[in-house]
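Coordinates as given in run-v1.csv (CSV, C-alpha atoms):
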chain,number,residue,atom,x,y,z
A,1,MET,CA,30.3,-31.5,-21.1
A,2,ASN,CA,31.2,-29.1,-18.3
A,3,GLY,CA,29.0,-26.0,-17.8
A,4,PRO,CA,30.2,-22.5,-17.0
A,5,PRO,CA,32.0,-22.0,-13.8
A,6,ILE,CA,30.0,-21.0,-10.8
A,7,THR,CA,31.3,-17.9,-9.0
A,8,ALA,CA,30.2,-15.4,-6.4
A,9,THR,CA,27.4,-13.0,-7.5
A,10,THR,CA,29.7,-10.1,-6.6
A,11,ALA,CA,33.2,-9.7,-5.2
A,12,THR,CA,31.9,-8.7,-1.9
A,13,ASP,CA,29.3,-11.4,-1.2
A,14,ARG,CA,29.6,-12.5,2.5
A,15,LEU,CA,28.3,-15.8,3.8
A,16,LEU,CA,27.7,-16.4,7.5
A,17,VAL,CA,28.1,-20.2,8.1
A,18,ILE,CA,26.6,-21.3,11.4
A,19,ASP,CA,27.3,-24.9,12.5
A,20,SER,CA,28.3,-26.4,15.8
A,21,GLU,CA,30.8,-28.8,14.1
A,22,PRO,CA,34.0,-27.0,13.3
A,23,THR,CA,34.9,-29.5,10.5
A,24,ASN,CA,31.6,-28.7,8.7
A,25,VAL,CA,32.4,-25.0,8.9
A,26,GLN,CA,35.9,-25.5,7.6
A,27,MET,CA,34.8,-27.6,4.7
A,28,LEU,CA,32.1,-25.0,3.7
A,29,ALA,CA,34.7,-22.2,4.1
A,30,ARG,CA,37.2,-23.9,1.8
A,31,LEU,CA,34.5,-24.6,-0.8
A,32,MET,CA,33.1,-21.0,-0.8
A,33,ASP,CA,36.5,-19.3,-0.5
A,34,ASN,CA,37.6,-21.0,-3.7
A,35,LEU,CA,34.6,-19.4,-5.4
A,36,GLY,CA,35.4,-15.9,-4.2
A,37,PHE,CA,33.0,-15.6,-1.3
A,38,GLU,CA,34.0,-14.2,2.0
A,39,VAL,CA,33.0,-16.7,4.7
A,40,ILE,CA,32.3,-15.8,8.4
A,41,PRO,CA,32.2,-18.8,10.7
A,42,ALA,CA,30.0,-19.1,13.8
A,43,LEU,CA,29.7,-22.2,16.1
A,44,ASN,CA,26.5,-21.2,18.0
A,45,ALA,CA,23.6,-18.8,17.9
A,46,ALA,CA,25.1,-16.3,20.4
A,47,GLU,CA,28.2,-15.9,18.3
A,48,ALA,CA,26.1,-15.6,15.1
A,49,LEU,CA,24.0,-12.8,16.6
A,50,ARG,CA,27.2,-10.9,17.6
A,51,LEU,CA,28.6,-11.2,14.1
A,52,LEU,CA,25.3,-10.2,12.6
A,53,ALA,CA,25.2,-7.1,14.8
A,54,ALA,CA,28.8,-6.2,13.8
A,55,ASN,CA,28.4,-6.6,10.0
A,56,PRO,CA,25.3,-8.3,8.4
A,57,PRO,CA,26.2,-10.8,5.7
A,58,ASP,CA,24.6,-11.3,2.3
A,59,LEU,CA,23.4,-14.9,3.0
A,60,ILE,CA,23.3,-17.3,5.9
A,61,LEU,CA,24.0,-21.0,5.9
A,62,LEU,CA,22.4,-22.4,9.0
A,63,GLU,CA,22.4,-25.8,10.8
A,64,PRO,CA,19.1,-26.1,12.6
A,65,LEU,CA,20.2,-28.5,15.4
A,66,LEU,CA,22.5,-26.1,17.3
A,67,PRO,CA,23.1,-26.4,21.0
A,68,GLY,CA,21.3,-24.0,23.3
A,69,MET,CA,19.3,-21.7,21.0
A,70,ASP,CA,18.6,-23.9,18.0
A,71,GLY,CA,18.6,-22.8,14.4
A,72,PHE,CA,14.8,-22.4,14.2
A,73,GLU,CA,14.7,-19.9,17.1
A,74,LEU,CA,17.8,-18.1,15.7
A,75,CYS,CA,16.0,-17.8,12.3
A,76,GLU,CA,13.0,-16.3,14.0
A,77,ARG,CA,15.2,-13.8,15.9
A,78,ILE,CA,16.9,-12.8,12.6
A,79,GLN,CA,13.5,-12.3,10.9
A,80,GLU,CA,12.3,-10.1,13.7
A,81,ASN,CA,15.1,-7.6,13.2
A,82,PRO,CA,14.2,-5.2,10.3
A,83,ILE,CA,17.9,-4.8,9.5
A,84,TRP,CA,18.4,-8.5,9.0
A,85,ALA,CA,15.0,-9.6,7.8
A,86,GLU,CA,15.9,-9.5,4.1
A,87,ILE,CA,19.0,-11.7,4.5
A,88,PRO,CA,18.2,-15.1,2.9
A,89,ILE,CA,18.7,-18.1,5.2
A,90,VAL,CA,19.5,-21.6,3.7
A,91,PHE,CA,19.2,-24.5,6.2
A,92,LEU,CA,21.9,-27.2,5.9
A,93,SER,CA,21.2,-30.4,7.9
A,94,SER,CA,22.0,-34.1,7.9
A,95,ALA,CA,18.4,-34.8,9.1
A,96,ASP,CA,16.3,-35.6,6.0
A,97,ASP,CA,13.1,-35.1,8.0
A,98,LYS,CA,10.1,-33.7,6.2
A,99,ASN,CA,8.8,-32.1,9.4
A,100,LEU,CA,12.1,-30.3,9.9
A,101,ILE,CA,12.1,-29.1,6.4
A,102,VAL,CA,8.6,-27.7,6.8
A,103,ARG,CA,9.5,-26.1,10.1
A,104,ALA,CA,12.6,-24.5,8.6
A,105,LEU,CA,10.7,-22.9,5.7
A,106,GLU,CA,7.8,-21.8,8.0
A,107,ASN,CA,10.3,-20.1,10.3
A,108,GLY,CA,11.7,-18.0,7.5
A,109,GLY,CA,14.2,-20.1,5.7
A,110,VAL,CA,14.3,-19.7,1.9
A,111,ASP,CA,15.8,-23.2,1.1
A,112,TYR,CA,16.8,-26.5,2.8
A,113,VAL,CA,19.7,-28.6,1.7
A,114,THR,CA,20.4,-32.0,3.2
A,115,LYS,CA,23.9,-33.3,4.1
A,116,PRO,CA,25.9,-34.8,2.6
A,117,PHE,CA,25.1,-32.3,-0.1
A,118,HIS,CA,26.0,-32.3,-3.8
A,119,LYS,CA,28.5,-29.4,-4.0
A,120,PRO,CA,27.4,-28.0,-7.4
A,121,GLU,CA,23.7,-28.1,-6.2
A,122,LEU,CA,24.6,-26.2,-3.0
A,123,ILE,CA,26.6,-23.7,-4.9
A,124,SER,CA,23.8,-23.2,-7.4
A,125,ARG,CA,21.2,-22.7,-4.7
A,126,VAL,CA,23.5,-20.2,-2.8
A,127,ARG,CA,24.1,-18.3,-6.1
A,128,THR,CA,20.3,-18.3,-6.9
A,129,GLN,CA,19.4,-16.9,-3.5
A,130,LEU,CA,22.0,-14.2,-3.8
A,131,MET,CA,20.8,-13.2,-7.3
A,132,LEU,CA,17.2,-13.1,-6.0
A,133,LYS,CA,18.3,-10.9,-3.1
A,134,THR,CA,20.1,-8.5,-5.5
A,135,ALA,CA,17.0,-8.4,-7.7
A,136,ARG,CA,14.7,-7.6,-4.7
A,137,GLU,CA,17.1,-4.8,-3.6
A,138,HIS,CA,17.2,-3.4,-7.2
A,139,ALA,CA,13.4,-3.5,-7.4
A,140,LYS,CA,13.1,-1.8,-4.1
A,141,ARG,CA,15.5,1.0,-5.2
A,142,LEU,CA,13.5,1.4,-8.5
A,143,ALA,CA,10.3,1.7,-6.5
A,144,GLN,CA,11.8,4.4,-4.3
A,145,ASP,CA,13.2,6.2,-7.3
A,146,LYS,CA,9.8,6.1,-8.9
A,147,ASP,CA,8.1,7.5,-5.8
A,148,GLU,CA,10.6,10.3,-5.5
A,149,LEU,CA,10.3,11.2,-9.2
A,150,LEU,CA,6.5,11.1,-9.0
A,151,SER,CA,6.5,13.3,-6.0
A,152,MET,CA,8.9,15.8,-7.6
A,153,ILE,CA,7.0,16.0,-10.9
A,154,SER,CA,3.6,16.2,-9.2
A,155,HIS,CA,4.8,18.9,-6.9
A,156,HIS,CA,5.9,21.1,-9.8
A,157,LEU,CA,2.9,20.2,-11.9
A,158,GLN,CA,0.5,21.1,-9.1
A,159,ASN,CA,2.2,24.4,-8.5
A,160,HIS,CA,2.1,25.3,-12.2
A,161,LEU,CA,-1.5,24.2,-12.6
A,162,ALA,CA,-2.5,26.2,-9.5
A,163,GLY,CA,-0.8,29.2,-11.0
A,164,ILE,CA,-2.7,28.8,-14.3
A,165,GLN,CA,-6.0,28.3,-12.5
A,166,MET,CA,-5.5,31.3,-10.3
A,167,THR,CA,-4.4,33.6,-13.2
A,168,SER,CA,-7.3,32.5,-15.4
A,169,GLN,CA,-9.7,33.1,-12.6
A,170,LEU,CA,-8.4,36.7,-12.1
A,171,LEU,CA,-8.5,37.4,-15.9
A,172,LEU,CA,-12.0,35.9,-16.0
A,173,GLU,CA,-13.3,38.3,-13.4
A,174,GLN,CA,-11.8,41.2,-15.4
A,175,VAL,CA,-13.3,39.9,-18.7
A,176,ARG,CA,-16.8,39.5,-17.0
A,177,ARG,CA,-16.7,43.2,-16.1
A,178,SER,CA,-15.7,44.2,-19.6
A,179,GLY,CA,-18.4,42.0,-21.3
A,180,ASP,CA,-15.9,40.3,-23.7
A,181,SER,CA,-17.9,37.0,-24.2
A,182,ASP,CA,-15.3,35.4,-26.6
A,183,SER,CA,-12.4,35.9,-24.1
A,184,ARG,CA,-14.7,34.8,-21.3
A,185,GLY,CA,-15.3,31.4,-23.0
A,186,MET,CA,-11.7,30.7,-23.6
A,187,LEU,CA,-10.7,31.6,-20.0
A,188,GLU,CA,-13.4,29.4,-18.6
A,189,ASN,CA,-12.0,26.5,-20.7
A,190,ILE,CA,-8.5,27.2,-19.3
A,191,ARG,CA,-9.7,27.4,-15.7
A,192,ASN,CA,-11.8,24.2,-16.0
A,193,SER,CA,-9.1,22.3,-17.8
A,194,SER,CA,-6.4,23.2,-15.2
A,195,GLY,CA,-8.9,22.3,-12.4
A,196,GLN,CA,-9.5,18.9,-14.0
A,197,MET,CA,-5.7,18.3,-14.3
A,198,ARG,CA,-5.2,19.2,-10.6
A,199,ALA,CA,-7.9,16.9,-9.6
A,200,PHE,CA,-6.4,14.1,-11.6
A,201,VAL,CA,-2.9,14.7,-10.1
A,202,ARG,CA,-4.3,14.6,-6.6
A,203,ALA,CA,-6.2,11.4,-7.3
A,204,PHE,CA,-3.2,9.8,-8.9
A,205,LEU,CA,-0.9,10.5,-6.0
A,206,ALA,CA,-3.6,9.3,-3.5
A,207,ASN,CA,-3.8,6.0,-5.5
A,208,ALA,CA,0.0,5.6,-5.5
A,209,ALA,CA,0.1,6.1,-1.8
A,210,ALA,CA,-2.7,3.5,-1.3
A,211,ASP,CA,-0.8,1.1,-3.5
A,212,GLY,CA,2.3,1.5,-1.4
A,213,ASP,CA,3.1,0.6,2.2
A,214,LEU,CA,0.6,2.6,4.2
A,215,CYS,CA,1.8,4.0,7.6
A,216,LEU,CA,-1.5,3.9,9.5
A,217,ARG,CA,-1.9,5.0,13.1
A,218,LEU,CA,-4.8,3.1,14.4
A,219,GLU,CA,-6.6,4.7,17.3
A,220,THR,CA,-10.1,5.2,18.7
A,221,VAL,CA,-11.9,7.7,16.3
A,222,ASN,CA,-15.3,9.2,16.6
A,223,LEU,CA,-16.8,8.5,13.2
A,224,THR,CA,-19.6,11.0,13.8
A,225,GLU,CA,-17.1,13.9,14.3
A,226,VAL,CA,-15.1,12.9,11.2
A,227,ALA,CA,-18.4,12.8,9.2
A,228,GLN,CA,-19.4,16.3,10.5
A,229,ARG,CA,-16.0,17.8,9.5
A,230,THR,CA,-16.2,16.3,6.0
A,231,VAL,CA,-19.8,17.4,5.5
A,232,ARG,CA,-18.8,21.0,6.4
A,233,ARG,CA,-16.0,20.9,3.9
A,234,TYR,CA,-18.3,19.9,1.1
A,235,THR,CA,-21.4,22.0,1.9
A,236,ASP,CA,-20.3,24.8,-0.4
A,237,VAL,CA,-19.7,22.4,-3.3
A,238,ALA,CA,-23.1,20.8,-2.7
A,239,ASN,CA,-24.8,24.2,-2.5
A,240,ALA,CA,-23.2,25.2,-5.9
A,241,LYS,CA,-25.2,22.4,-7.5
A,242,GLN,CA,-28.3,23.0,-5.4
A,243,ILE,CA,-27.8,19.7,-3.6
A,244,ASN,CA,-28.9,19.3,0.0
A,245,LEU,CA,-26.0,17.7,1.9
A,246,HIS,CA,-27.2,16.4,5.2
A,247,LEU,CA,-25.9,14.3,8.1
A,248,ASN,CA,-28.2,12.1,10.2
A,249,GLU,CA,-26.6,11.2,13.6
A,250,SER,CA,-28.2,8.1,15.2
A,251,ASP,CA,-25.4,8.0,17.7
A,252,ALA,CA,-23.4,11.0,19.0
A,253,ALA,CA,-20.4,8.8,19.5
A,254,ALA,CA,-20.1,6.1,16.9
A,255,LEU,CA,-16.6,4.9,17.7
A,256,ALA,CA,-14.2,3.0,15.3
A,257,ARG,CA,-10.7,1.7,15.4
A,258,ALA,CA,-9.1,3.6,12.5
A,259,ASP,CA,-6.6,6.1,11.2
A,260,CYS,CA,-8.2,9.5,11.2
A,261,ALA,CA,-6.6,10.8,8.0
A,262,ALA,CA,-7.4,7.6,6.1
A,263,LEU,CA,-11.0,7.7,7.3
A,264,GLU,CA,-11.4,11.4,6.2
A,265,GLN,CA,-10.0,10.4,2.8
A,266,ILE,CA,-12.6,7.6,2.5
A,267,LEU,CA,-15.5,9.9,3.4
A,268,GLU,CA,-14.3,12.7,1.2
A,269,ASN,CA,-14.2,10.3,-1.8
A,270,LEU,CA,-17.6,8.9,-1.1
A,271,ILE,CA,-19.2,12.4,-0.5
A,272,SER,CA,-17.6,14.0,-3.5
A,273,ASN,CA,-18.6,11.1,-5.8
A,274,ALA,CA,-22.2,11.4,-4.5
A,275,ILE,CA,-22.3,15.1,-5.2
A,276,LYS,CA,-20.6,14.7,-8.6
A,277,TYR,CA,-23.2,12.2,-9.9
A,278,SER,CA,-26.3,13.7,-8.3
A,279,PRO,CA,-28.7,15.9,-10.2
A,280,PRO,CA,-29.4,19.5,-9.1
A,281,LYS,CA,-32.1,19.9,-6.4
A,282,SER,CA,-31.6,16.4,-5.1
A,283,ALA,CA,-30.2,15.2,-1.7
A,284,VAL,CA,-27.1,13.5,-0.4
A,285,THR,CA,-27.5,12.0,3.0
A,286,LEU,CA,-25.0,10.6,5.5
A,287,ALA,CA,-26.2,8.3,8.3
A,288,VAL,CA,-23.8,7.4,11.1
A,289,ALA,CA,-24.5,4.8,13.7
A,290,GLN,CA,-23.0,2.2,16.0
A,291,ALA,CA,-24.0,-1.1,14.5
A,292,GLY,CA,-23.2,-3.8,17.1
A,293,GLU,CA,-19.5,-4.2,17.2
A,294,GLN,CA,-19.0,-2.0,14.2
A,295,ALA,CA,-19.2,1.7,13.4
A,296,GLU,CA,-21.2,2.4,10.2
A,297,CYS,CA,-21.5,5.3,7.9
A,298,GLN,CA,-23.9,5.2,4.9
A,299,VAL,CA,-23.7,7.7,2.1
A,300,ARG,CA,-26.9,7.9,0.0
A,301,ASP,CA,-27.6,9.8,-3.2
A,302,GLN,CA,-30.4,10.3,-5.6
A,303,GLY,CA,-28.3,9.9,-8.7
A,304,PRO,CA,-28.7,7.5,-11.7
A,305,GLY,CA,-27.6,4.4,-9.7
A,306,PHE,CA,-25.3,1.7,-11.0
A,307,THR,CA,-25.8,-1.3,-13.2
A,308,ALA,CA,-24.7,-4.8,-12.3
A,309,GLN,CA,-21.7,-4.4,-14.6
A,310,ASP,CA,-20.8,-1.1,-12.9
A,311,LYS,CA,-20.9,-2.7,-9.4
A,312,ALA,CA,-18.6,-5.5,-10.6
A,313,ARG,CA,-15.8,-3.1,-11.6
A,314,MET,CA,-16.5,0.1,-9.6
A,315,PHE,CA,-13.6,-0.4,-7.2
A,316,GLY,CA,-11.0,-1.0,-9.9
A,317,ARG,CA,-8.5,1.6,-10.9
A,318,TYR,CA,-9.5,4.1,-13.6
A,319,ALA,CA,-13.0,2.4,-13.8
A,320,ARG,CA,-15.3,4.0,-16.3
A,321,LEU,CA,-19.0,3.5,-15.2
A,322,SER,CA,-22.3,4.1,-17.0
A,323,ALA,CA,-23.1,7.2,-14.8
A,324,ARG,CA,-21.6,10.6,-15.8
A,325,PRO,CA,-21.0,13.7,-13.6
A,326,THR,CA,-24.0,16.0,-13.8
A,327,GLY,CA,-22.1,19.3,-13.6
A,328,GLY,CA,-19.2,18.7,-15.9
A,329,GLU,CA,-16.9,17.7,-13.0
A,330,PRO,CA,-13.7,15.7,-13.8
A,331,SER,CA,-13.7,12.0,-13.2
A,332,THR,CA,-10.5,10.1,-12.8
A,333,GLY,CA,-11.9,6.7,-12.0
A,334,LEU,CA,-9.7,6.5,-8.9
A,335,GLY,CA,-11.9,7.8,-6.0
A,336,LEU,CA,-13.7,4.5,-5.2
A,337,SER,CA,-10.5,2.4,-5.8
A,338,ILE,CA,-8.7,4.6,-3.2
A,339,ALA,CA,-11.6,4.4,-0.7
A,340,LYS,CA,-11.7,0.6,-1.1
A,341,LYS,CA,-8.0,0.1,-0.5
A,342,LEU,CA,-8.0,2.4,2.5
A,343,THR,CA,-11.0,0.6,4.0
A,344,GLU,CA,-9.3,-2.8,3.6
A,345,ALA,CA,-6.2,-1.4,5.3
A,346,LEU,CA,-8.4,-0.4,8.2
A,347,HIS,CA,-9.8,-3.9,8.4
A,348,GLY,CA,-13.2,-2.6,7.4
A,349,GLU,CA,-15.8,-3.2,4.7
A,350,LEU,CA,-17.1,-1.0,1.9
A,351,ILE,CA,-20.0,-2.1,-0.2
A,352,CYS,CA,-22.5,-0.5,-2.6
A,353,GLU,CA,-26.2,-1.0,-2.8
A,354,SER,CA,-27.7,0.4,-6.0
A,355,ALA,CA,-30.0,-0.3,-8.9
A,356,PRO,CA,-30.3,1.7,-12.2
A,357,GLY,CA,-32.5,4.8,-11.6
A,358,ALA,CA,-32.7,4.3,-7.9
A,359,GLY,CA,-29.6,6.1,-6.6
A,360,ALA,CA,-26.8,4.5,-4.7
A,361,THR,CA,-25.9,3.8,-1.0
A,362,PHE,CA,-22.3,3.2,-0.1
A,363,ILE,CA,-21.9,1.5,3.3
A,364,LEU,CA,-18.7,1.8,5.2
A,365,ARG,CA,-18.2,-0.5,8.2
A,366,LEU,CA,-15.2,-0.3,10.5
A,367,PRO,CA,-14.4,-2.4,13.6
A,368,SER,CA,-15.1,-1.0,17.0
A,369,PRO,CA,-12.1,-0.2,19.2
A,370,VAL,CA,-12.5,-3.5,21.2
A,371,GLU,CA,-12.7,-5.7,18.1
A,372,VAL,CA,-9.2,-5.1,16.7
A,373,PRO,CA,-6.4,-6.4,18.9

Spit out the file's structure as structure tokens when you get a sec.
Amino acid sequence: MNGPPITATTATDRLLVIDSEPTNVQMLARLMDNLGFEVIPALNAAEALRLLAANPPDLILLEPLLPGMDGFELCERIQENPIWAEIPIVFLSSADDKNLIVRALENGGVDYVTKPFHKPELISRVRTQLMLKTAREHAKRLAQDKDELLSMISHHLQNHLAGIQMTSQLLLEQVRRSGDSDSRGMLENIRNSSGQMRAFVRAFLANAAADGDLCLRLETVNLTEVAQRTVRRYTDVANAKQINLHLNESDAAALARADCAALEQILENLISNAIKYSPPKSAVTLAVAQAGEQAECQVRDQGPGFTAQDKARMFGRYARLSARPTGGEPSTGLGLSIAKKLTEALHGELICESAPGAGATFILRLPSPVEVP
């Protein structure tokens, strides 16, 4: 019983066929033309590169044993170009050599079909690769749409929440002067709730950014200076809870290879967490030092510490741990997850040393400038 006819994925699917034997190109062209594909022939790598530059195809059928630049090198050249890198490449060869097959796949090919090939099999594989390419492009567009939608919603949401928070603060100051205790309690609830929502939106966006493709600019960064700036930003927050926030500087210039903005985000998350979970009249201490071929920053607190179960899941998204904020601060469960993702993107290490009732020490280690090529 015959199956359904195999046709092109879309009316505009274009196949670039690269083979040094004109008869092979003509045979493939007739086969694919009959199925509604547009076939572009090329007899060598130079001609193929010219055609690619003029109008990239949807899929490439490539003979590996070309004269001059062979198919493997051509495949690498195609993969190196960001405009062409997503084009699927199917190798077609009469050489049924396992080493050639492995080499073809390692160099960027998505499939390998030996000659003489079974026509329905070749057509099915071509169709499958085109469908996969379409699915990848669709998923990429969906991800872009999601990011744009999240950005738009969060922008408007943050603006409205900021307005609510500011208005409630102004009204709260008026009510405090009038002595209206009932209104004061309600306004404090509005102010605190809007502040918690703003904190969640910021953490959610930071997590989404860390999940995506991070555009990091790695350079030599003075970890001590970054720690100093971050401590200054959080001094008022610590003072409000009667927490002594202090920086110990073992080395004036603890140098790391990092992205400055990502590094500041990591330290902000670690310091804000330490303040959030520390009791009043305790201390949060940062220690920065050059540790061999790494720059190291330790953030120590005198909070409740973490259980073994906490430590096993603390870097997961939306993790809920046994410790609770000591001043009613909001907790999204995203701060440590973001810090961990950014640390890994910087080729660093983030670990926690803690025991219940003994506080916690988060240790951030980043490669020195000479260690990362």

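In this comparison, which uses only C-alpha atoms, the residue of A:Glu63, A:Asp13, A:Glu349, A:Glu173 approaching A:Gln294 most closely is A:Glu349.
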
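Counting from atom CA of A:Ala253, the distance to atom CA of A:Ser282 is 28.1 Å.
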
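Minimum distance to A:Val288 across A:Thr224, A:Thr230, A:Gln302, A:Asn24 (counting only C-alpha atoms) occurs at A:Thr224.
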
Between atom CA of A:Asn239 and atom CA of A:Ala319, what is the distance, to one decimal in Å?
27.2 Å

Could you list, as a list of chain:residue names, every residue within 12 Å of A:Thr134, counting all atoms listed in the file and ignoring same-chain residues fewer than 5 positions away?
A:Thr9, A:Thr10, A:Asp13, A:Asp58, A:Leu59, A:Glu86, A:Ile87, A:Pro88, A:Arg127, A:Thr128, A:Gln129, A:Ala139, A:Lys140, A:Arg141

Mind checking which residues fall within 9 Å of A:Ala358, counting all atoms listed in the file, ignoring those fewer than 3 positions away in the same chain, and posting them as a compact mmCIF listing (two decimals) with C-alpha atoms, in the coordinates of the input?
# COMPACT_ATOMS: atom_id res chain seq x y z
CA ASP A 301 -27.60 9.80 -3.20
CA GLN A 302 -30.40 10.30 -5.60
CA GLY A 303 -28.30 9.90 -8.70
CA PRO A 304 -28.70 7.50 -11.70
CA GLY A 305 -27.60 4.40 -9.70
CA PHE A 306 -25.30 1.70 -11.00
CA SER A 354 -27.70 0.40 -6.00
CA ALA A 355 -30.00 -0.30 -8.90

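Take atom CA of A:Ile83 and atom CA of A:Gly71: the distance between them is 18.7 Å.
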
Please, which residues are within 10 Å of (19.0, -22.4, 6.6) by the file's coordinates, counting all atoms listed in the file, and could they come as a ChimeraX atom specification?
/A:17-18,59-64,71-72,75,88-93,101,104-105,107-113
